[in-house]
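Visitor: Submitted below is the structure of interest, expressed as structure tokens.
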Amino acid sequence: MTQTSSTPDAAVLDAPPLPSLWRNGDFLRFWLGETVSLLGTQVTNLALPLTAIGAFGATDEQVGLLRFLQLVPYLGLALLIGVWTDRVRRRPVMLGANLVRLALLGLVPLLYWWHALNLPVLMMIACAVGIASVVFDVSWMSYVPVLVKGPEHYVEASARMGASSSAADVAGPGLAGVLVSALSAPVALVVDACSYAVSVVSLLLIRTPEPRPEPVEERHLWRELEDGLGWVMRDAVLRALALIGFCCNFSMITVWTMFLLYGTHDLHLGSATLGSVLAIASVGGLIGSLIARKVIARLPLGRVYLVAQSALLLGPTLIPLAAGPRPVMVGMFVLSFFTTYLGLGVAGVIIVSLRQAVTPQSMMGRMTAAFRTLLFGGGALGGLSAGLLTGQLGARGALTMAAVGSAAAVIGLALSPVVRLKELPSAPKQMASAR
């Protein structure tokens with residue numbers, strides 16, 4: 001390819017700035033639907049394990065297995081689904097995934113009322129919901145660049161989606177605690193089913209045309225899988241983001257599951273109290289996502305990433321240190337999760353923006369799938385480890401081990417090439433070779 005002159009660059013510099021995403025109606029519709037859906041998901045994250053504990057007397061190991069089954073589809077299916085979503089339009093895929101999740105979660109209270117719900121059935125439903133979640137999650141991150149129309153808006157879009165996730169983290173656990181207390185855990189899942197209905201309507205209202213993926217004469221599944229994994233693992237920044245993300249998700253899900261078991265079995269905290277702890281602490285995530293753009297604009301990107309991820313990894317150390325009167329302990333729990341969520345709120349904006357900035361649209365689904373495999377694979381293993389370790393060591397001993405392991409991951413974080421970045425790359429890289 002011949003080298004370009006400076007004229008196009010000058011034209012770009014002289015071009016008027018793109019309008020804010022506040023004026024992008026289709027993005028706002030998608031954002032609204034996803035925000036409501038995320039709120040419902042937070043209800044499910046608390047209601048499912050509490051259903052297992054309250055209705056069926058699930059053991060620590062069984063609660064860990066339930067959490068594992070929710071997330072394990074990301075380990076086995078994300079890469080295959082990523083290849084598929086790079087071949088098709090993403091909006092119909094997301095519509096189908098949300099309809100499936102709506103039906104499955106709406107089935108739980110019906111089975112409960114009919115006295116047909118038991119722990120194995122609950123676990124199968126959790127795994128099936130996890131499969132549908134893989135399909136949706138791999139698709140939406142690839143779909144957002146179609147709506148925002150330009151890398152200039154990637155940070156803004158990531159910040160808004162991060163704010164939605166954090167807002168759901170704030171409101172969801174508290175709402176879940178109240179609903180579980182008032183309606184019972186299985187019935188509370190109706191809220192999540194309704195949230196997916198809102199998301200389906202919002203997707204149906206989007207009018208931005210989604211281009212059909214470019215046709216390829218030959219499709220080779222394993223070659224496309226190799227391309228997706230290779231794209232992430234050959235790029236030093238993406239590789240570091242993925243591996244550190246695995247550690248962070250493993251830490252967060254491990255600690256979250258252990259805390260739920262610790263609070264329920266050892267401290268005998270009610271569902272409303274557990275939900276309130278997580279809801280109050282989640283304000284940190286909302287603050288982080290809201291300030292991320294301003295902080296990134298004023299400080300080197302890598303330095304912000306280092307501080308944010310360190311906060312996420314060091315936050316769990318406060319939980320096993322909590323002692324004294326119950327209000328003091330609860331305050332320490334809130335501070336621990338607040339620190340973790342604050343770091344997550346800032347780091348999440350950076351991570352998603354970097355991934356979108358360095359990946360071409362043709363590779364977006366497979367890149368997202370590779371990340372989802374590692375990130376949620378870490379979460380799945382974390383949930384399973386939490387149940388097993390809590391059963392063997394007790395909740396407090398398991399939390400101590402988890403906190404030490406999480407803090408040790410900061411060493412790898414400090415050596416990451418991401419911390420040396422000054423700013424977000426200006427444009428996606430191109431594929432090194434075409435298939």
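Ordering of the structure tokens sets the chain letters (A, B, ...); residue numbers start at 1 within each chain; ligands are numbered from 1 in the order shown.
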Do a neighbour search on Glu61 (chain A) at 9 Å with only C-alpha atoms, toss out local chain neighbours closer than 3 positions, and write the hits as a list in words.

Guide: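 So, after excluding close chain neighbours, the residues are Ala58, Gly64, Leu65, Leu66, Leu384, Ser385, Ala386, Gly387, Leu388, Leu389, Thr390 and Gly391 of chain A.
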
Visitor: Find the residues near Leu399 (chain A): any atom within 10 Å, counting only C-alpha atoms, skip ones fewer than 4 places away on the same chain, and give them as a PDB file with N, CA, C and O atoms, in the first residue's frame.

Guide:
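Done, and the output landed in result_3.pdb:
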```pdb
ATOM      1  N   THR A 254     -14.869 -15.009  43.361  1.00  0.00           N
ATOM      2  CA  THR A 254     -14.503 -15.800  44.538  1.00  0.00           C
ATOM      3  C   THR A 254     -14.911 -15.087  45.814  1.00  0.00           C
ATOM      4  O   THR A 254     -15.571 -15.654  46.694  1.00  0.00           O
ATOM      5  N   VAL A 255     -14.512 -13.826  45.933  1.00  0.00           N
ATOM      6  CA  VAL A 255     -14.797 -13.063  47.153  1.00  0.00           C
ATOM      7  C   VAL A 255     -16.299 -12.840  47.309  1.00  0.00           C
ATOM      8  O   VAL A 255     -16.848 -12.965  48.412  1.00  0.00           O
ATOM      9  N   TRP A 256     -16.983 -12.516  46.209  1.00  0.00           N
ATOM     10  CA  TRP A 256     -18.425 -12.259  46.272  1.00  0.00           C
ATOM     11  C   TRP A 256     -19.170 -13.499  46.766  1.00  0.00           C
ATOM     12  O   TRP A 256     -20.033 -13.420  47.636  1.00  0.00           O
ATOM     13  N   THR A 257     -18.820 -14.674  46.208  1.00  0.00           N
ATOM     14  CA  THR A 257     -19.497 -15.915  46.600  1.00  0.00           C
ATOM     15  C   THR A 257     -19.169 -16.284  48.042  1.00  0.00           C
ATOM     16  O   THR A 257     -20.048 -16.690  48.815  1.00  0.00           O
ATOM     17  N   MET A 258     -17.897 -16.156  48.425  1.00  0.00           N
ATOM     18  CA  MET A 258     -17.505 -16.447  49.810  1.00  0.00           C
ATOM     19  C   MET A 258     -18.197 -15.513  50.788  1.00  0.00           C
ATOM     20  O   MET A 258     -18.638 -15.930  51.869  1.00  0.00           O
ATOM     21  N   PHE A 259     -18.295 -14.240  50.414  1.00  0.00           N
ATOM     22  CA  PHE A 259     -18.960 -13.279  51.302  1.00  0.00           C
ATOM     23  C   PHE A 259     -20.430 -13.627  51.480  1.00  0.00           C
ATOM     24  O   PHE A 259     -20.974 -13.521  52.586  1.00  0.00           O
ATOM     25  N   TYR A 262     -20.455 -16.506  53.848  1.00  0.00           N
ATOM     26  CA  TYR A 262     -20.031 -16.025  55.165  1.00  0.00           C
ATOM     27  C   TYR A 262     -21.149 -15.236  55.840  1.00  0.00           C
ATOM     28  O   TYR A 262     -21.481 -15.466  57.011  1.00  0.00           O
ATOM     29  N   PRO A 316     -10.428  -6.650  48.465  1.00  0.00           N
ATOM     30  CA  PRO A 316     -10.852  -7.802  49.272  1.00  0.00           C
ATOM     31  C   PRO A 316     -10.083  -7.996  50.563  1.00  0.00           C
ATOM     32  O   PRO A 316     -10.557  -8.728  51.446  1.00  0.00           O
ATOM     33  N   THR A 317      -8.911  -7.385  50.729  1.00  0.00           N
ATOM     34  CA  THR A 317      -8.144  -7.589  51.964  1.00  0.00           C
ATOM     35  C   THR A 317      -8.878  -7.075  53.195  1.00  0.00           C
ATOM     36  O   THR A 317      -8.589  -7.507  54.313  1.00  0.00           O
ATOM     37  N   LEU A 318      -9.831  -6.160  53.013  1.00  0.00           N
ATOM     38  CA  LEU A 318     -10.529  -5.586  54.164  1.00  0.00           C
ATOM     39  C   LEU A 318     -11.571  -6.529  54.760  1.00  0.00           C
ATOM     40  O   LEU A 318     -11.938  -6.385  55.929  1.00  0.00           O
ATOM     41  N   ILE A 319     -12.054  -7.502  53.985  1.00  0.00           N
ATOM     42  CA  ILE A 319     -13.131  -8.365  54.491  1.00  0.00           C
ATOM     43  C   ILE A 319     -12.650  -9.287  55.616  1.00  0.00           C
ATOM     44  O   ILE A 319     -13.266  -9.313  56.694  1.00  0.00           O
ATOM     45  N   PRO A 320     -11.574 -10.057  55.453  1.00  0.00           N
ATOM     46  CA  PRO A 320     -11.149 -10.906  56.574  1.00  0.00           C
ATOM     47  C   PRO A 320     -10.611 -10.111  57.763  1.00  0.00           C
ATOM     48  O   PRO A 320     -10.514 -10.653  58.870  1.00  0.00           O
ATOM     49  N   LEU A 321     -10.266  -8.832  57.551  1.00  0.00           N
ATOM     50  CA  LEU A 321      -9.791  -8.002  58.664  1.00  0.00           C
ATOM     51  C   LEU A 321     -10.938  -7.422  59.476  1.00  0.00           C
ATOM     52  O   LEU A 321     -10.710  -6.901  60.581  1.00  0.00           O
ATOM     53  N   ALA A 386     -14.664 -20.893  45.313  1.00  0.00           N
ATOM     54  CA  ALA A 386     -15.233 -20.311  46.528  1.00  0.00           C
ATOM     55  C   ALA A 386     -16.001 -21.350  47.330  1.00  0.00           C
ATOM     56  O   ALA A 386     -15.851 -21.458  48.557  1.00  0.00           O
ATOM     57  N   LEU A 389     -13.373 -24.093  48.682  1.00  0.00           N
ATOM     58  CA  LEU A 389     -12.512 -23.590  49.747  1.00  0.00           C
ATOM     59  C   LEU A 389     -13.296 -23.277  51.012  1.00  0.00           C
ATOM     60  O   LEU A 389     -12.824 -23.534  52.123  1.00  0.00           O
ATOM     61  N   THR A 390     -14.486 -22.713  50.859  1.00  0.00           N
ATOM     62  CA  THR A 390     -15.299 -22.414  52.033  1.00  0.00           C
ATOM     63  C   THR A 390     -15.695 -23.694  52.754  1.00  0.00           C
ATOM     64  O   THR A 390     -15.694 -23.756  53.992  1.00  0.00           O
ATOM     65  N   LEU A 393     -12.137 -24.821  54.429  1.00  0.00           N
ATOM     66  CA  LEU A 393     -11.441 -23.932  55.361  1.00  0.00           C
ATOM     67  C   LEU A 393     -12.369 -23.114  56.235  1.00  0.00           C
ATOM     68  O   LEU A 393     -11.905 -22.464  57.175  1.00  0.00           O
ATOM     69  N   GLY A 394     -13.649 -23.116  55.915  1.00  0.00           N
ATOM     70  CA  GLY A 394     -14.551 -22.171  56.568  1.00  0.00           C
ATOM     71  C   GLY A 394     -14.523 -20.853  55.823  1.00  0.00           C
ATOM     72  O   GLY A 394     -13.541 -20.526  55.137  1.00  0.00           O
ATOM     73  N   ALA A 395     -15.584 -20.073  55.964  1.00  0.00           N
ATOM     74  CA  ALA A 395     -15.700 -18.856  55.168  1.00  0.00           C
ATOM     75  C   ALA A 395     -14.604 -17.853  55.472  1.00  0.00           C
ATOM     76  O   ALA A 395     -14.033 -17.247  54.554  1.00  0.00           O
ATOM     77  N   ALA A 403      -8.082 -13.140  49.594  1.00  0.00           N
ATOM     78  CA  ALA A 403      -7.550 -11.780  49.667  1.00  0.00           C
ATOM     79  C   ALA A 403      -6.048 -11.751  49.398  1.00  0.00           C
ATOM     80  O   ALA A 403      -5.543 -10.866  48.690  1.00  0.00           O
ATOM     81  N   VAL A 404      -5.306 -12.716  49.946  1.00  0.00           N
ATOM     82  CA  VAL A 404      -3.855 -12.782  49.727  1.00  0.00           C
ATOM     83  C   VAL A 404      -3.547 -13.036  48.253  1.00  0.00           C
ATOM     84  O   VAL A 404      -2.680 -12.395  47.655  1.00  0.00           O
ATOM     85  N   GLY A 405      -4.279 -13.981  47.636  1.00  0.00           N
ATOM     86  CA  GLY A 405      -4.066 -14.258  46.222  1.00  0.00           C
ATOM     87  C   GLY A 405      -4.382 -13.073  45.337  1.00  0.00           C
ATOM     88  O   GLY A 405      -3.674 -12.789  44.366  1.00  0.00           O
TER      89      GLY A 405
END
```

Visitor: If I take CA of Ala97 (chain A) and CA of Phe136 (chain A), how far is one from the other in Å, to one decimal?

Guide: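 Calculated distance between CA of Ala97 (chain A) and CA of Phe136 (chain A) is 5.8 Å.
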
Visitor: As a ChimeraX atom specification, please: the residues near Ala193 (chain A) (cut-off 6 Å, only C-alpha atoms, same-chain neighbours under 5 positions excluded).

Guide: /A:102,105-106

Visitor: Just N, CA, C and O atoms for this one: save the residues we selected as a PDB file, in the first residue's frame.

Guide:
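part-v7.pdb, freshly written:
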```pdb
ATOM      1  N   LEU A 102     -35.547 -14.402  28.990  1.00  0.00           N
ATOM      2  CA  LEU A 102     -36.853 -14.033  29.519  1.00  0.00           C
ATOM      3  C   LEU A 102     -37.671 -15.289  29.845  1.00  0.00           C
ATOM      4  O   LEU A 102     -38.254 -15.415  30.931  1.00  0.00           O
ATOM      5  N   LEU A 105     -36.026 -17.532  32.894  1.00  0.00           N
ATOM      6  CA  LEU A 105     -36.170 -16.969  34.229  1.00  0.00           C
ATOM      7  C   LEU A 105     -37.627 -16.853  34.639  1.00  0.00           C
ATOM      8  O   LEU A 105     -37.967 -16.987  35.821  1.00  0.00           O
ATOM      9  N   GLY A 106     -38.512 -16.616  33.671  1.00  0.00           N
ATOM     10  CA  GLY A 106     -39.928 -16.621  33.992  1.00  0.00           C
ATOM     11  C   GLY A 106     -40.433 -18.001  34.370  1.00  0.00           C
ATOM     12  O   GLY A 106     -41.441 -18.140  35.079  1.00  0.00           O
TER      13      GLY A 106
END
```

Visitor: Excluding same-chain residues fewer than 3 positions from region 341-352 of chain A, what lies within 8 Å of it counting only C-alpha atoms, as a PyMOL selection string?

Guide: chain A and resi 155+158-159+162-163+166+241+281-289+291-292+301+304-305+307-312+337-338+355-356

Visitor: Which is closer to Met364 (chain A) than all the others in A:Val178, A:Met141, A:Leu314, A:Ile280, using only C-alpha atoms?

Guide: A:Met141

Visitor: Using DSSP on the backbone coordinates, identify the residues of region 120-292 of chain A assigned to alpha helix (DSSP H); present them as number ranges by chain.

Guide: A: 120-148, 154-183, 185-204, 221-234, 236-261, 271-281, 283-292

Visitor: Can you work out the spacing between CA of Val418 (chain A) and CA of Gly379 (chain A) in Å, to one decimal?

Guide: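 Taking CA of Val418 (chain A) as the start and CA of Gly379 (chain A) as the end point, the length is 22.0 Å.
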
Visitor: Given only C-alpha atoms, how would the per-residue table for region 99-130 of chain A near region 39-57 of chain A read, listing every residue at most 10 Å away with its closest atom pair and distance in Å to one decimal, sorted by chain and number, as a tab-separated table?

Guide:
```
residue	atom	partner	partner_atom	distance
A:Leu105	CA	A:Thr44	CA	8.6
A:Val108	CA	A:Leu48	CA	9.7
A:Tyr112	CA	A:Ala55	CA	9.4
A:Leu117	CA	A:Ala55	CA	9.4
A:Asn118	CA	A:Phe56	CA	7.1
A:Leu119	CA	A:Ala52	CA	6.5
A:Pro120	CA	A:Ala52	CA	9.9
A:Leu122	CA	A:Ala52	CA	7.8
A:Met123	CA	A:Ala52	CA	9.0
A:Ala126	CA	A:Leu48	CA	8.0
```

Visitor: Tell me, in Å to one decimal, how far CA of Leu274 (chain A) is from CA of Glu34 (chain A).

Guide: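 Distance between the two atoms: 24.6 Å.
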
Visitor: Just the residues within 12 Å of Val146 (chain A), please, counting only C-alpha atoms, with nothing from its chain fewer than 5 positions along; format it as a list in words.

Guide: Asn24, Asp26, Phe27, Phe30, Arg89, Arg90, Arg91, Ser139, Trp140, Met141, Pro151, His153, Tyr154, Ala157, Ile206, Arg207, Thr208, Pro209, Glu210, Pro211, Arg212, Pro213, Gln356, Pro360, Gln361, Ser362 and Met364 of chain A

Visitor: For a quick check of understanding, using only C-alpha atoms, which of A:Arg234, A:Ala398, A:Ile244, A:Arg160 has the smallest distance to Trp22 (chain A)?

Guide: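 Among the listed residues, A:Arg160 lies closest to Trp22 (chain A).
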